[in-house]
Amino acid sequence: MNIPYLMRHVSYSLHTIVRDYGEKEEVTERFCGRPDFTDSSFYEGSLEEYLLFEDSGTLPLLLSAGDKLVYAKVTVPGHRFIIGPVKLKTPVRLIHCDKQPVYDESFLDTVPFCDFAELSVNILLIHNLFWEQTLNERDLIVFNCIDETLDTEIQRHFSDLLFENQEASIGHNPYDQELREFSSIENGDVKQLEKSWAEDYTGNVGVLAKDKLRNWKNIGIVVITLASRAAIRGGILPEISFSLSDIYINKVEEASDMASITHLLRQAEYQYTNMVREQKEQLSGTGNKEKNPHVRRCKDYIFSHLHDRITIQEIADFWGMNPGYLSELFHKCEGMSIKNFILREKIGLAKNMLTYSGYSYIEIAAYLGFSSQSHLGKQFKKLTGFTLSEYRNTYGVRQFTS
């Protein structure tokens, strides 16, 4: 094993210090890609002793030094590696903690930030190179972040809640109502969706947070997530469905009252249902509608590259297919050529941008991979009957068009 190379790799990845203690209590090798970066003024002492002598077996240990610095210890045959210090971009509660070290506050500005996932990858790299039993990030989290009493506490609260609900004759909303609601989205059935909303039942929605507003936001996020999955089952491409879900969930997070959240989650369900309905109407009576994996992969590529100038050759090369065969198969299944499908989807996205954004026509044309504004305008007029300005003036949201 090339230990010096491994230490350099981890140091450059995390921009911090990597120490190797071998099997002793003294550093046998130290590396840091930043020559002037050092923590020796406070590390050598109780902090070093804690890391060396805290028994973690073969499991990597994460140590919170005060509330700002994090170190990691990775024990492998013949070596004990100490990595750090780093600062986590998003705070993570660590079980193993030492007192706040005494350091110059200006030192903090030199300590590198990293994501917990980024730190985990480097720790696991060292561990898994030496041990046969492979660890993953969840193993690190369980050992370093989760109090052993948590699972017991969850089960106790679960039992208490079931008992309390039974005593008070309180139940959740019926599952069959939920099935009807999300089946309506999957089938593109707006009337059935509205009927499911109007159903009366004696149960209650779940309690997902103690704060009422936070609870309703969480419920909204769950509903929107389930609706996006129902739309995918109904034929909407995942990239489109997930993107719309992201937008609605972020709007829910920004909402400050329960009425707005209720409107957003209902509007999301309504939009998903209409998207599925329109998709089914477009496909009705067109070619061979069997679900072909090659066609779906072709569509996935198109939706991931709508801002590029897409060619059939590029799609075929990406999936390792013959372009002629792919074109024939696509036309057979979709009732239109790949070229026309790409144009239709680009124009659909252009309509959305004209309606809901303030981007200029030149910016929209460039974003969608058209050679010029006039090229976009010509194709847009051909498919919609509107010029770009006519469409924006007719359908544009007022805050963008005024």
# chains A, B, ... in the order shown; residues from 1 in each chain; ligands from 1
call {"tool": "select_by_dssp", "arguments": {"residues": "range 171-295 of chain A", "states": "alpha helix (DSSP H)", "output": "number ranges by chain"}}
result
A: 175-187, 190-198, 212-233, 238-254, 258-283, 293-295
call {"tool": "residues_around", "arguments": {"residues": "range 259-264 of chain A", "least_positions_apart": "2", "cutoff": "7 Å", "atoms": "only C-alpha atoms", "output": "list in words"}}
result
Lys217, Gly220, Tyr248, Val252, Ala255, Asp257, Arg266, Gln267 and Ala268 of chain A
call {"tool": "write_last_selection", "arguments": {"atoms": "N, CA and C atoms", "output": "PDB file, in the first residue's frame"}}
result
ATOM      1  N   LYS A 217     -46.476  22.525   6.290  1.00  0.00           N
ATOM      2  CA  LYS A 217     -45.469  22.543   5.230  1.00  0.00           C
ATOM      3  C   LYS A 217     -44.990  21.125   4.936  1.00  0.00           C
ATOM      4  N   GLY A 220     -47.563  19.312   3.026  1.00  0.00           N
ATOM      5  CA  GLY A 220     -47.547  19.787   1.643  1.00  0.00           C
ATOM      6  C   GLY A 220     -46.430  19.160   0.840  1.00  0.00           C
ATOM      7  N   TYR A 248     -42.496  23.618  -6.658  1.00  0.00           N
ATOM      8  CA  TYR A 248     -43.608  23.716  -5.709  1.00  0.00           C
ATOM      9  C   TYR A 248     -43.134  23.567  -4.264  1.00  0.00           C
ATOM     10  N   VAL A 252     -43.578  26.114  -1.148  1.00  0.00           N
ATOM     11  CA  VAL A 252     -44.156  25.736   0.148  1.00  0.00           C
ATOM     12  C   VAL A 252     -43.244  26.202   1.282  1.00  0.00           C
ATOM     13  N   ALA A 255     -43.725  29.833   1.944  1.00  0.00           N
ATOM     14  CA  ALA A 255     -45.059  30.264   2.371  1.00  0.00           C
ATOM     15  C   ALA A 255     -45.075  30.571   3.867  1.00  0.00           C
ATOM     16  N   ASP A 257     -48.246  31.096   5.570  1.00  0.00           N
ATOM     17  CA  ASP A 257     -49.552  30.810   6.159  1.00  0.00           C
ATOM     18  C   ASP A 257     -50.110  29.518   5.576  1.00  0.00           C
ATOM     19  N   ARG A 266     -52.652  21.838  -3.644  1.00  0.00           N
ATOM     20  CA  ARG A 266     -53.776  21.518  -4.537  1.00  0.00           C
ATOM     21  C   ARG A 266     -53.447  21.911  -5.976  1.00  0.00           C
ATOM     22  N   GLN A 267     -52.788  23.057  -6.141  1.00  0.00           N
ATOM     23  CA  GLN A 267     -52.414  23.501  -7.481  1.00  0.00           C
ATOM     24  C   GLN A 267     -51.418  22.534  -8.109  1.00  0.00           C
ATOM     25  N   ALA A 268     -50.505  22.007  -7.295  1.00  0.00           N
ATOM     26  CA  ALA A 268     -49.532  21.035  -7.795  1.00  0.00           C
ATOM     27  C   ALA A 268     -50.247  19.777  -8.285  1.00  0.00           C
TER      28      ALA A 268
END
call {"tool": "residues_around", "arguments": {"residues": "Arg344 in chain A", "least_positions_apart": "3", "cutoff": "10 Å", "atoms": "only C-alpha atoms", "output": "ChimeraX atom specification"}}
result
/A:338-341,347-350,379-380,383-384
call {"tool": "closest_residue", "arguments": {"among": "A:Gly188, A:Leu354, A:Pro60, A:Phe81", "to": "Leu140 in chain A", "atoms": "only C-alpha atoms"}}
result
A:Pro60
call {"tool": "residues_around", "arguments": {"residues": "range 361-369 of chain A", "least_positions_apart": "6", "cutoff": "7 Å", "atoms": "only C-alpha atoms", "output": "list in words"}}
result
Leu306, His307, Asp308, Arg309, Lys346, Ala350 and Leu376 of chain A
call {"tool": "write_last_selection", "arguments": {"atoms": "N, CA and C atoms", "output": "mmCIF file, in the first residue's frame"}}
result
data_model
loop_
_atom_site.group_PDB
_atom_site.id
_atom_site.type_symbol
_atom_site.label_atom_id
_atom_site.label_comp_id
_atom_site.auth_asym_id
_atom_site.auth_seq_id
_atom_site.Cartn_x
_atom_site.Cartn_y
_atom_site.Cartn_z
ATOM 1 N N LEU A 306 -32.457 19.853 -23.443
ATOM 2 C CA LEU A 306 -33.321 20.758 -24.200
ATOM 3 C C LEU A 306 -32.666 22.100 -24.480
ATOM 4 N N HIS A 307 -31.661 22.463 -23.682
ATOM 5 C CA HIS A 307 -30.982 23.750 -23.909
ATOM 6 C C HIS A 307 -29.857 23.617 -24.932
ATOM 7 N N ASP A 308 -29.635 22.411 -25.454
ATOM 8 C CA ASP A 308 -28.581 22.196 -26.449
ATOM 9 C C ASP A 308 -29.194 22.043 -27.846
ATOM 10 N N ARG A 309 -28.338 22.062 -28.846
ATOM 11 C CA ARG A 309 -28.759 21.716 -30.199
ATOM 12 C C ARG A 309 -28.613 20.201 -30.336
ATOM 13 N N LYS A 346 -39.185 21.813 -27.155
ATOM 14 C CA LYS A 346 -38.510 23.106 -27.014
ATOM 15 C C LYS A 346 -39.530 24.250 -27.059
ATOM 16 N N ALA A 350 -40.461 26.967 -24.293
ATOM 17 C CA ALA A 350 -40.466 28.395 -24.639
ATOM 18 C C ALA A 350 -41.777 29.050 -24.189
ATOM 19 N N LEU A 376 -36.145 30.970 -33.629
ATOM 20 C CA LEU A 376 -37.135 30.562 -32.632
ATOM 21 C C LEU A 376 -38.510 31.109 -32.997
#
call {"tool": "residues_around", "arguments": {"residues": "range 224-234 of chain A", "least_positions_apart": "5", "cutoff": "12 Å", "atoms": "only C-alpha atoms", "output": "PDB file with C-alpha atoms, in the first residue's frame"}}
result
ATOM      1  CA  GLU A 178     -55.461   8.543  -0.726  1.00  0.00           C
ATOM      2  CA  LEU A 179     -55.392   5.872  -3.423  1.00  0.00           C
ATOM      3  CA  ARG A 180     -58.289   7.528  -5.241  1.00  0.00           C
ATOM      4  CA  GLU A 181     -56.598  10.931  -5.006  1.00  0.00           C
ATOM      5  CA  PHE A 182     -53.280   9.839  -6.503  1.00  0.00           C
ATOM      6  CA  SER A 183     -54.869   7.425  -8.980  1.00  0.00           C
ATOM      7  CA  SER A 184     -56.716  10.453 -10.359  1.00  0.00           C
ATOM      8  CA  ILE A 185     -53.367  12.114 -11.059  1.00  0.00           C
ATOM      9  CA  GLU A 186     -51.932   8.958 -12.589  1.00  0.00           C
ATOM     10  CA  ASN A 187     -54.940   8.667 -14.901  1.00  0.00           C
ATOM     11  CA  GLY A 188     -55.153  12.379 -15.736  1.00  0.00           C
ATOM     12  CA  ASP A 189     -58.710  12.493 -14.366  1.00  0.00           C
ATOM     13  CA  LEU A 193     -59.333  14.387  -8.383  1.00  0.00           C
ATOM     14  CA  LYS A 217     -45.469  22.543   5.230  1.00  0.00           C
ATOM     15  CA  ASN A 218     -44.264  18.970   5.783  1.00  0.00           C
ATOM     16  CA  ILE A 219     -47.662  17.607   4.760  1.00  0.00           C
ATOM     17  CA  GLU A 239     -36.981  15.010 -15.199  1.00  0.00           C
ATOM     18  CA  ILE A 240     -40.074  17.122 -15.905  1.00  0.00           C
ATOM     19  CA  SER A 241     -41.992  15.807 -12.889  1.00  0.00           C
ATOM     20  CA  PHE A 242     -39.097  16.193 -10.465  1.00  0.00           C
ATOM     21  CA  SER A 243     -38.325  19.720 -11.675  1.00  0.00           C
ATOM     22  CA  LEU A 244     -41.922  20.833 -11.135  1.00  0.00           C
ATOM     23  CA  SER A 245     -41.896  19.174  -7.714  1.00  0.00           C
ATOM     24  CA  ASP A 246     -38.760  21.114  -6.753  1.00  0.00           C
ATOM     25  CA  ILE A 247     -40.433  24.402  -7.697  1.00  0.00           C
ATOM     26  CA  TYR A 248     -43.608  23.716  -5.709  1.00  0.00           C
ATOM     27  CA  ILE A 249     -41.734  22.432  -2.641  1.00  0.00           C
ATOM     28  CA  ASN A 250     -39.550  25.539  -2.567  1.00  0.00           C
ATOM     29  CA  LYS A 251     -42.683  27.692  -2.784  1.00  0.00           C
ATOM     30  CA  VAL A 252     -44.156  25.736   0.148  1.00  0.00           C
ATOM     31  CA  ILE A 261     -49.670  26.051   1.476  1.00  0.00           C
ATOM     32  CA  THR A 262     -53.057  24.437   0.881  1.00  0.00           C
ATOM     33  CA  HIS A 263     -53.380  26.330  -2.405  1.00  0.00           C
ATOM     34  CA  LEU A 264     -49.882  25.256  -3.511  1.00  0.00           C
ATOM     35  CA  LEU A 265     -50.353  21.556  -2.835  1.00  0.00           C
ATOM     36  CA  ARG A 266     -53.776  21.518  -4.537  1.00  0.00           C
ATOM     37  CA  GLN A 267     -52.414  23.501  -7.481  1.00  0.00           C
ATOM     38  CA  ALA A 268     -49.532  21.035  -7.795  1.00  0.00           C
ATOM     39  CA  GLU A 269     -51.932  18.072  -7.879  1.00  0.00           C
ATOM     40  CA  TYR A 270     -54.117  19.883 -10.390  1.00  0.00           C
ATOM     41  CA  GLN A 271     -51.184  20.742 -12.679  1.00  0.00           C
ATOM     42  CA  TYR A 272     -49.797  17.198 -12.565  1.00  0.00           C
ATOM     43  CA  THR A 273     -53.228  15.782 -13.407  1.00  0.00           C
ATOM     44  CA  ASN A 274     -53.609  18.133 -16.376  1.00  0.00           C
ATOM     45  CA  MET A 275     -50.111  17.282 -17.592  1.00  0.00           C
ATOM     46  CA  VAL A 276     -50.969  13.566 -17.589  1.00  0.00           C
ATOM     47  CA  ARG A 277     -54.307  14.268 -19.285  1.00  0.00           C
ATOM     48  CA  GLU A 278     -52.664  16.322 -22.034  1.00  0.00           C
ATOM     49  CA  GLN A 279     -50.002  13.653 -22.502  1.00  0.00           C
ATOM     50  CA  LYS A 280     -52.623  10.940 -22.900  1.00  0.00           C
TER      51      LYS A 280
END
call {"tool": "residues_around", "arguments": {"residues": "Glu328 in chain A", "least_positions_apart": "3", "cutoff": "12 Å", "atoms": "only C-alpha atoms", "output": "ChimeraX atom specification"}}
result
/A:287-288,294-295,312,321-325,331-339
call {"tool": "write_last_selection", "arguments": {"atoms": "C-alpha atoms", "output": "short mmCIF file (atom, residue, chain, number, x, y, z; two decimals), in the first residue's frame"}}
result
data_model
loop_
_atom_site.label_atom_id
_atom_site.label_comp_id
_atom_site.auth_asym_id
_atom_site.auth_seq_id
_atom_site.Cartn_x
_atom_site.Cartn_y
_atom_site.Cartn_z
CA GLY A 287 -48.71 4.89 -33.81
CA ASN A 288 -47.69 1.96 -31.65
CA HIS A 294 -35.10 2.66 -26.10
CA VAL A 295 -37.71 5.34 -26.79
CA ILE A 312 -30.26 12.18 -33.65
CA MET A 321 -27.57 2.61 -31.04
CA ASN A 322 -27.86 2.90 -34.80
CA PRO A 323 -29.40 6.33 -35.60
CA GLY A 324 -31.52 4.96 -38.43
CA TYR A 325 -32.96 2.22 -36.24
CA HIS A 331 -41.61 7.19 -35.14
CA LYS A 332 -43.30 3.81 -34.82
CA CYS A 333 -43.92 4.25 -31.08
CA GLU A 334 -44.64 7.98 -30.92
CA GLY A 335 -46.20 8.74 -34.28
CA MET A 336 -43.73 11.54 -35.00
CA SER A 337 -40.07 11.97 -35.86
CA ILE A 338 -37.42 12.62 -33.21
CA LYS A 339 -36.77 16.01 -34.84
#
call {"tool": "atom_distance", "arguments": {"atom1": "CA of Val70 in chain A", "atom2": "CA of Glu23 in chain A"}}
result
22.6 Å
call {"tool": "closest_residue", "arguments": {"among": "A:Gly22, A:Gly57, A:Pro85, A:Gly78", "to": "Thr38 in chain A", "atoms": "only C-alpha atoms"}}
result
A:Pro85
call {"tool": "atom_distance", "arguments": {"atom1": "CA of Gly33 in chain A", "atom2": "CA of Arg8 in chain A"}}
result
7.2 Å
